[in-house]
$ cat protein.cif   # mmCIF, C-alpha atoms and all ligand atoms
data_work
loop_
_atom_site.label_atom_id
_atom_site.label_comp_id
_atom_site.auth_asym_id
_atom_site.auth_seq_id
_atom_site.Cartn_x
_atom_site.Cartn_y
_atom_site.Cartn_z
CA MET O 623 1.97 61.27 -12.61
CA ASN O 624 2.68 58.08 -10.71
CA MET O 625 5.72 56.12 -11.73
CA LEU O 626 5.46 52.52 -12.87
CA ASN O 627 8.24 50.37 -11.44
CA ILE O 628 8.39 46.72 -12.42
CA VAL O 629 10.73 43.92 -11.45
CA LEU O 630 11.09 41.37 -14.22
CA PHE O 631 11.87 38.23 -12.33
CA GLY O 632 12.95 34.70 -13.20
CA PRO O 633 15.89 32.33 -13.55
CA PRO O 634 18.71 32.91 -16.05
CA GLY O 635 17.44 32.21 -19.56
CA ALA O 636 13.78 32.89 -18.72
CA GLY O 637 13.61 35.71 -21.29
CA LYS O 638 13.82 38.75 -18.97
CA GLY O 639 16.10 40.77 -21.27
CA THR O 640 13.98 40.07 -24.36
CA GLN O 641 10.74 41.05 -22.64
CA ALA O 642 12.34 44.08 -20.92
CA GLU O 643 13.29 45.53 -24.32
CA LYS O 644 9.70 45.27 -25.53
CA LEU O 645 8.23 46.62 -22.30
CA ILE O 646 10.40 49.74 -22.16
CA ASN O 647 9.19 50.69 -25.64
CA HIS O 648 5.54 49.92 -24.95
CA TYR O 649 5.33 51.75 -21.61
CA SER O 650 8.16 54.32 -22.07
CA LEU O 651 10.14 53.01 -19.14
CA VAL O 652 13.87 52.90 -18.41
CA HIS O 653 15.61 49.51 -18.49
CA ILE O 654 18.00 48.74 -15.63
CA SER O 655 19.83 45.44 -16.08
CA THR O 656 22.57 44.83 -13.53
CA GLY O 657 23.99 42.11 -15.83
CA ASP O 658 24.30 44.65 -18.69
CA LEU O 659 25.82 47.25 -16.35
CA LEU O 660 28.38 44.71 -15.11
CA ARG O 661 29.23 43.58 -18.66
CA SER O 662 29.82 47.19 -19.64
CA GLU O 663 32.20 47.60 -16.66
CA ILE O 664 34.02 44.48 -17.88
CA ALA O 665 34.19 45.79 -21.46
CA ASN O 666 35.69 49.05 -20.14
CA ALA O 667 38.17 47.07 -18.01
CA THR O 668 37.33 49.06 -14.86
CA ASP O 669 38.40 47.81 -11.43
CA LEU O 670 34.79 46.99 -10.67
CA GLY O 671 34.57 45.07 -13.95
CA LYS O 672 37.69 43.03 -13.26
CA LYS O 673 36.42 42.09 -9.82
CA ALA O 674 32.92 41.27 -11.10
CA LYS O 675 34.22 39.03 -13.91
CA GLU O 676 35.65 36.59 -11.38
CA TYR O 677 32.20 36.00 -9.91
CA ILE O 678 30.34 36.05 -13.22
CA ASP O 679 32.58 33.45 -14.85
CA LYS O 680 31.98 31.09 -11.94
CA GLY O 681 28.23 31.62 -12.10
CA LEU O 682 28.23 33.26 -8.66
CA LEU O 683 26.49 36.45 -7.62
CA VAL O 684 28.52 39.66 -7.48
CA PRO O 685 28.48 41.00 -3.88
CA ASP O 686 25.31 42.87 -2.86
CA GLU O 687 27.12 46.17 -2.08
CA VAL O 688 28.48 46.34 -5.62
CA VAL O 689 25.15 45.92 -7.41
CA ILE O 690 23.24 48.05 -4.90
CA GLY O 691 25.77 50.85 -5.49
CA MET O 692 25.23 50.59 -9.23
CA ILE O 693 21.45 50.75 -8.83
CA GLU O 694 21.69 53.77 -6.55
CA SER O 695 23.74 55.76 -9.03
CA LYS O 696 21.42 54.74 -11.88
CA LEU O 697 18.40 55.97 -9.90
CA ASN O 698 20.22 59.20 -9.02
CA SER O 699 21.02 59.92 -12.65
CA GLY O 700 17.44 59.42 -13.86
CA THR O 701 15.41 62.59 -14.34
CA ASN O 702 11.93 62.82 -15.83
CA VAL O 703 11.54 59.07 -15.85
CA ASN O 704 8.12 57.37 -16.12
CA GLY O 705 9.41 54.34 -14.29
CA TYR O 706 11.85 51.48 -14.40
CA ILE O 707 12.04 47.88 -15.50
CA PHE O 708 14.47 46.12 -13.19
CA ASP O 709 15.94 43.12 -15.00
CA GLY O 710 18.15 40.69 -13.08
CA PHE O 711 17.86 42.79 -9.91
CA PRO O 712 17.10 42.19 -7.07
CA ARG O 713 18.61 38.72 -6.78
CA THR O 714 18.84 38.41 -2.98
CA ILE O 715 16.61 39.38 -0.05
CA LYS O 716 19.23 41.96 0.95
CA GLN O 717 19.06 43.56 -2.51
CA ALA O 718 15.26 43.61 -2.41
CA GLU O 719 15.27 45.29 1.01
CA GLU O 720 17.79 47.90 -0.12
CA LEU O 721 15.78 48.56 -3.29
CA ASP O 722 12.65 49.13 -1.20
CA LYS O 723 14.61 51.59 0.96
CA LEU O 724 16.07 53.46 -2.03
CA LEU O 725 12.64 53.81 -3.63
CA ASP O 726 11.01 54.72 -0.33
CA LYS O 727 13.42 57.66 0.06
CA ARG O 728 12.12 58.88 -3.29
CA LYS O 729 8.49 58.29 -2.27
CA GLU O 730 8.36 55.54 -4.88
CA LYS O 731 7.83 51.80 -4.75
CA ILE O 732 7.88 48.59 -6.76
CA ASP O 733 4.44 48.19 -8.32
CA LEU O 734 4.65 44.67 -9.74
CA VAL O 735 6.99 41.71 -9.82
CA ILE O 736 6.41 39.76 -13.01
CA SER O 737 7.98 36.33 -12.96
CA LEU O 738 8.73 34.36 -16.13
CA GLU O 739 8.36 30.68 -15.29
CA VAL O 740 10.50 28.24 -17.28
CA GLU O 741 11.78 24.84 -16.21
CA LYS O 742 15.44 23.89 -15.87
CA GLU O 743 15.94 21.76 -19.03
CA GLU O 744 14.55 24.54 -21.21
CA LEU O 745 16.73 27.15 -19.46
CA ILE O 746 19.89 25.14 -20.11
CA LYS O 747 18.95 24.66 -23.76
CA ARG O 748 18.28 28.38 -24.24
CA LEU O 749 21.45 29.51 -22.45
CA LEU O 750 23.72 27.16 -24.43
CA ASN O 751 22.08 28.43 -27.62
CA ARG O 752 22.52 32.06 -26.59
CA GLY O 753 26.17 31.32 -25.79
CA LYS O 754 26.77 30.34 -29.39
CA ILE O 755 25.34 33.63 -30.65
CA SER O 756 26.20 36.23 -28.01
CA GLY O 757 29.70 35.10 -27.11
CA ARG O 758 28.85 35.52 -23.41
CA SER O 759 31.42 33.36 -21.64
CA ASP O 760 29.02 32.50 -18.79
CA ASP O 761 26.59 31.03 -21.36
CA GLN O 762 29.15 28.72 -22.92
CA ASN O 763 30.07 26.49 -20.02
CA LEU O 764 27.57 23.92 -18.75
CA GLU O 765 29.03 23.96 -15.24
CA THR O 766 28.68 27.75 -14.99
CA ILE O 767 25.11 27.54 -16.29
CA GLU O 768 24.18 24.89 -13.73
CA ASN O 769 25.79 26.96 -10.98
CA ARG O 770 23.74 29.98 -12.01
CA ILE O 771 20.52 27.98 -11.86
CA ASN O 772 21.47 26.54 -8.46
CA VAL O 773 22.35 30.02 -7.17
CA TYR O 774 18.97 31.23 -8.46
CA ASN O 775 17.14 28.45 -6.59
CA LYS O 776 19.04 29.05 -3.39
CA GLU O 777 19.51 32.83 -3.20
CA THR O 778 16.97 34.38 -5.57
CA ALA O 779 13.88 32.13 -5.38
CA PRO O 780 13.21 33.19 -1.73
CA LEU O 781 12.23 36.57 -3.19
CA ILE O 782 9.05 34.95 -4.53
CA GLU O 783 7.74 34.71 -0.96
CA TYR O 784 9.05 38.22 -0.16
CA TYR O 785 7.03 39.76 -2.99
CA LYS O 786 4.00 37.49 -2.53
CA GLU O 787 3.74 38.82 1.01
CA GLN O 788 3.68 42.33 -0.43
CA GLY O 789 0.94 41.27 -2.88
CA LYS O 790 3.09 42.20 -5.88
CA TYR O 791 4.01 38.83 -7.35
CA ARG O 792 2.51 37.69 -10.67
CA GLY O 793 3.63 34.44 -12.34
CA ILE O 794 3.57 34.16 -16.15
CA ASN O 795 4.27 31.11 -18.32
CA GLY O 796 7.64 31.88 -19.92
CA ILE O 797 7.38 29.22 -22.60
CA GLY O 798 5.80 30.07 -25.94
CA LEU O 799 6.06 32.74 -28.61
CA ILE O 800 7.85 35.94 -27.55
CA ASP O 801 4.85 38.08 -28.57
CA GLU O 802 2.39 35.80 -26.82
CA ILE O 803 4.35 36.07 -23.56
CA PHE O 804 4.65 39.83 -24.06
CA ASN O 805 0.86 40.13 -24.46
CA ASN O 806 0.31 38.17 -21.26
CA ILE O 807 2.68 40.50 -19.40
CA CYS O 808 0.90 43.55 -20.82
CA LYS O 809 -2.45 42.18 -19.65
CA VAL O 810 -1.13 41.94 -16.09
CA ILE O 811 0.30 45.47 -16.23
CA ASP O 812 -2.78 47.02 -17.85
CA GLU O 813 -5.07 45.39 -15.32
CA TYR O 814 -2.90 46.79 -12.52
CA LEU O 815 -2.92 50.28 -14.07
CA LYS O 816 -6.70 50.18 -14.47
CA GLU O 817 -7.17 49.22 -10.83
CA ARG O 818 -4.72 51.88 -9.70
CA GLY O 819 -6.66 54.45 -11.72
P1 LIG S 901 22.46 38.40 -16.09
O1 LIG S 901 22.85 39.15 -17.33
O2 LIG S 901 21.33 39.06 -15.36
O3 LIG S 901 22.20 36.95 -16.35
O4 LIG S 901 23.71 38.47 -15.10
C1 LIG S 901 24.94 37.89 -15.43
C2 LIG S 901 25.78 37.70 -14.18
O5 LIG S 901 26.04 38.98 -13.60
C3 LIG S 901 25.13 36.88 -13.08
O6 LIG S 901 25.32 35.50 -13.25
C4 LIG S 901 25.84 37.41 -11.83
O7 LIG S 901 27.14 36.88 -11.72
C5 LIG S 901 26.00 38.90 -12.18
N1 LIG S 901 24.83 39.67 -11.70
C6 LIG S 901 23.89 40.29 -12.46
N2 LIG S 901 22.97 40.89 -11.70
C7 LIG S 901 23.30 40.63 -10.42
C8 LIG S 901 22.73 40.95 -9.16
N3 LIG S 901 21.58 41.65 -9.05
N4 LIG S 901 23.35 40.51 -8.05
C9 LIG S 901 24.49 39.82 -8.11
N5 LIG S 901 25.09 39.46 -9.26
C10 LIG S 901 24.50 39.87 -10.41
#
$ encode --input "protein.cif" --output "structure tokens"
Amino acid sequence: MNMLNIVLFGPPGAGKGTQAEKLINHYSLVHISTGDLLRSEIANATDLGKKAKEYIDKGLLVPDEVVIGMIESKLNSGTNVNGYIFDGFPRTIKQAEELDKLLDKRKEKIDLVISLEVEKEELIKRLLNRGKISGRSDDQNLETIENRINVYNKETAPLIEYYKEQGKYRGINGIGLIDEIFNNICKVIDEYLKERG
């Protein structure tokens, strides 16, 4: 059977993590969140975690080699997988190119890039709210949040063009009820699967 590999794309606070959780259950996929992987390295106080925390707390991207290495070992450890939801990765053109290469070696590819579209004011509101509940330090500081959104616009948004050129990009309104957004994502995926046959 063909794998189904999806990039869940969008700025911080767009709802990628929330939708990824629902999608992995619905389509029996494996969730790969580089943010979660990095936070677990931090929680375990590994060298990688200590290094990564310095970038994360400033709202900067962790260097490409670090996250690409993490993705490679995740892909290597997956057996009997239906496919992956990539959440928060890739975030730079370099990462996207390396991901394409890693999948290509496995005779796999990214099928769809589903982008959750939410404007800046709403993102800031959501992230500050999440900071109160989750305790994530990078969600509690307005300057860090604004940096993350600026970094998204500068380093990550160019991926929209990258994936549009490949015909994989699908934009979805990220504002509304969680289940409503989820249904809209499922429609896009189901339509793709039907066409693929
Ligand atoms: P997230 O949980 O996806 O919002 O990620 C939290 C933080 O982890 C980001 O602000 C970055 O500092 C770092 N991070 C997560 N994923 C990546 C990635 N693909 N490339 C670089 N840094 C990342």
$ atom_distance --input "protein.cif" --atom1 "CA of Ala779 (chain O)" --atom2 "CA of Asn624 (chain O)"
28.8 Å
$ residues_near_point --input "protein.cif" --point "(8.0, 44.7, -28.1)" --cutoff "12 Å" --atoms "all atoms listed in the file" --output "ChimeraX atom specification"
/O:639-650,800-805,807-808
$ closest_atom_pairs --input "protein.cif" --of "chain O" --to "ligand LIG 901 (chain S)" --cutoff "6 Å" --atoms "all atoms listed in the file" --output "JSON lines"
{"residue": "O:Pro634", "atom": "CA", "partner": "S:LIG901", "partner_atom": "O3", "distance": 5.3}
{"residue": "O:Thr656", "atom": "CA", "partner": "S:LIG901", "partner_atom": "N2", "distance": 4.4}
{"residue": "O:Gly657", "atom": "CA", "partner": "S:LIG901", "partner_atom": "O1", "distance": 3.5}
{"residue": "O:Asp658", "atom": "CA", "partner": "S:LIG901", "partner_atom": "O1", "distance": 5.8}
{"residue": "O:Tyr677", "atom": "CA", "partner": "S:LIG901", "partner_atom": "O7", "distance": 5.4}
{"residue": "O:Ile678", "atom": "CA", "partner": "S:LIG901", "partner_atom": "O7", "distance": 3.6}
{"residue": "O:Gly681", "atom": "CA", "partner": "S:LIG901", "partner_atom": "O6", "distance": 5.0}
{"residue": "O:Leu682", "atom": "CA", "partner": "S:LIG901", "partner_atom": "O7", "distance": 4.9}
{"residue": "O:Leu683", "atom": "CA", "partner": "S:LIG901", "partner_atom": "N5", "distance": 3.7}
{"residue": "O:Val684", "atom": "CA", "partner": "S:LIG901", "partner_atom": "N5", "distance": 3.9}
{"residue": "O:Pro685", "atom": "CA", "partner": "S:LIG901", "partner_atom": "C9", "distance": 5.9}
{"residue": "O:Val689", "atom": "CA", "partner": "S:LIG901", "partner_atom": "N4", "distance": 5.7}
{"residue": "O:Gly710", "atom": "CA", "partner": "S:LIG901", "partner_atom": "O2", "distance": 4.2}
{"residue": "O:Phe711", "atom": "CA", "partner": "S:LIG901", "partner_atom": "N3", "distance": 4.0}
{"residue": "O:Pro712", "atom": "CA", "partner": "S:LIG901", "partner_atom": "N3", "distance": 4.9}
{"residue": "O:Arg713", "atom": "CA", "partner": "S:LIG901", "partner_atom": "N3", "distance": 4.7}
{"residue": "O:Arg770", "atom": "CA", "partner": "S:LIG901", "partner_atom": "O6", "distance": 5.9}
$ residues_around --input "protein.cif" --residues "Asn627 (chain O)" --least-positions-apart "6" --cutoff "10 Å" --atoms "only C-alpha atoms" --output "PyMOL selection string"
chain O and resi 651-652+704-708+725+730-735
$ atom_distance --input "protein.cif" --atom1 "CA of Leu724 (chain O)" --atom2 "CA of Phe631 (chain O)"
18.9 Å
$ residues_around --input "protein.cif" --residues "Gly635 (chain O)" --least-positions-apart "2" --cutoff "8 Å" --atoms "only C-alpha atoms" --output "ChimeraX atom specification"
/O:633,637-638,745-746,748-749
$ residues_around --input "protein.cif" --residues "region 690-702 of chain O" --least-positions-apart "6" --cutoff "8 Å" --atoms "all atoms listed in the file" --output "list in words"
Ile654, Thr656, Leu659, Gln717, Glu720, Leu721 and Leu724 of chain O
$ atom_distance --input "protein.cif" --atom1 "CA of Tyr784 (chain O)" --atom2 "CA of Lys716 (chain O)"
10.9 Å
